[in-house]
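Here's the structure, in structure tokens; my notes come after.
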Amino acid sequence: MLFKDGHVVQSRKFNFHRPLGQLDGTLRRLDDWQSDEVIILDITSTRSDSKPHGRVDLSTKFSPVLLDALEQHSRLGSMPLTVGGGLTSIYQVEKLFAAGADKVFINSSFYDDPSFLDLVVREFGSQAVVFGVDYVENSDSRQVMIRNGSQKLDISVNRAIELATERNVGEIFLNSITRDGAKQGMDIRLLTSLKSFNLPLILCGGAGSTEHLGEALEGGVLDGVSAANFFQHVELSVIKARARLLELGHNVRKVDNLNFEGD
């Protein structure tokens, strides 16, 4: 779920964003639909990504809309929430956990200062940290991008995973900028090169159907699949996707008894 300027937004290749609705209502809906987990990324352009990681960083504030939604969900909801977007300080991380986040999402700040990621893992544990890898696809390579896809690094996806593994993060979230919003299928070709990694891996980008999610789960390389736009436009989308994946033989959580029949 992408959060920008107070609204949940739809994304296309990280540079087109269309407002979809309010965060609190979207969270309630996804919780009712039995989502396994939601990752909320605050991509508001005014957020700073260049502050030091000490407690002096009090000027970078999260939107009250975001914090209120987290606090409300912590009281009424049940699905785990991972939250990130421009995190650079322990103060910010503490603020998110205090508001109700279960995990934090770290991406660009690691390349500016790897010790920040080390500090978060040491203070809160590996299980509380998701490491994000945004990348663009070329014919024979996958290159890491940071700062909402605006800066390219001379680092491959596999090397980024190796660096995160060395830092003992809990899981890796892989997101194809090339496929973002395209609905043409997920980056299946990437998966062959990931078989040697033992960390939990989640793939995002390009899902336009439940079959696309199922194709990514084939072979057992991934621990999860994720999508943003795909789940926003269809009533009961998560429940329908899970029911269809079960029909296809994938190991996903069964739908609780909601008098629902998949289509």
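Here, A, B, ... name the chains of the structure tokens in the order displayed, residue numbers run from 1 inside each chain, and ligands are numbered from 1 in the same displayed order.
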
Residues within 9 Å of Gln232 of chain A, only C-alpha atoms, excluding chain neighbours under 6 positions, as a PyMOL selection string = chain A and resi 10+20+26

Write out as a count of residues only all residues of segment 85-166 of chain A that backbone DSSP assigns to alpha helix (DSSP H).
-> 36

Determine, counting only C-alpha atoms, which protein, DNA and RNA residues have an atom within 6 Å of an atom of Leu41 of chain A; residues of the same chain fewer than 3 positions away are not included. Present the result as a ChimeraX atom specification.
-> /A:2-3,83-85

Which residues in segment 23-178 of chain A does DSSP call strand (DSSP E or B)? List them as a PyMOL selection string.
-> chain A and resi 38-42+81-84+103-106+129-137+142-146+151-156+171-176

Kindly indicate which residue among A:Leu30, A:Ala241, A:Val8, A:Leu217 lies nearest to Lys254 of chain A, using only C-alpha atoms for the distances.
-> A:Ala241

Would you mind listing what lies within 8 Å of Gly206 of chain A as a list of chain:residue names, with only C-alpha atoms counted and same-chain residues fewer than 5 positions away left out?
-> A:Ser176, A:Arg179, A:Asp180, A:Gly181, A:Ala182, A:Lys183, A:Gln184, A:Gly185, A:Met186, A:Asp187, A:Ala227

How would the residues just chosen look if you wrote them out with C-alpha atoms as a PDB file, in the first residue's frame?
ATOM      1  CA  SER A 176      10.257  -4.533  -9.969  1.00  0.00           C
ATOM      2  CA  ARG A 179       6.594  -4.012 -13.986  1.00  0.00           C
ATOM      3  CA  ASP A 180       4.996  -1.651 -11.470  1.00  0.00           C
ATOM      4  CA  GLY A 181       1.384  -1.106 -12.564  1.00  0.00           C
ATOM      5  CA  ALA A 182       1.845  -2.958 -15.862  1.00  0.00           C
ATOM      6  CA  LYS A 183      -0.311  -5.994 -14.931  1.00  0.00           C
ATOM      7  CA  GLN A 184       1.619  -8.163 -17.389  1.00  0.00           C
ATOM      8  CA  GLY A 185       2.994 -10.711 -14.942  1.00  0.00           C
ATOM      9  CA  MET A 186       5.703 -10.849 -12.294  1.00  0.00           C
ATOM     10  CA  ASP A 187       9.456 -11.189 -12.744  1.00  0.00           C
ATOM     11  CA  ALA A 227       0.635  -6.610  -4.978  1.00  0.00           C
TER      12      ALA A 227
END

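Among A:Thr88, A:Ser35, A:Gln143, A:Ser150, the residue with the shortest atom-to-atom distance to Leu190 of chain A, counting only C-alpha atoms, is A:Gln143.
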
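Between Ser139 of chain A and the residues A:His212, A:Arg189, A:Gly86, A:Asp223, the shortest atom-to-atom distance, using only C-alpha atoms, involves A:Arg189.
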
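We find atom CA of Leu27 of chain A and atom CA of Pro200 of chain A to be spaced 24.0 Å apart.
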
Kindly indicate which residue among A:Met1, A:Leu174, A:Val121, A:Ile239 lies nearest to Asp42 of chain A, using only C-alpha atoms for the distances.
->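 For Asp42 of chain A, the nearest of the given residues is A:Met1.
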
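Of the listed residues A:Leu245, A:Leu222, A:Ala216, A:Val104, the one whose atoms come nearest to Phe197 of chain A is A:Leu222, with distances taken using only C-alpha atoms.
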
May I ask which of the residues A:Asp31, A:Ile90, A:Lys95, A:Val234 is the closest one to Phe62 of chain A, counting only C-alpha atoms?
-> A:Lys95

Could you name the residues that touch segment 248-253 of chain A at 9 Å or less, counting only C-alpha atoms, but leaving out those on the same chain fewer than 4 positions away, as a ChimeraX atom specification?
-> /A:36,211,214,217-218,242-244
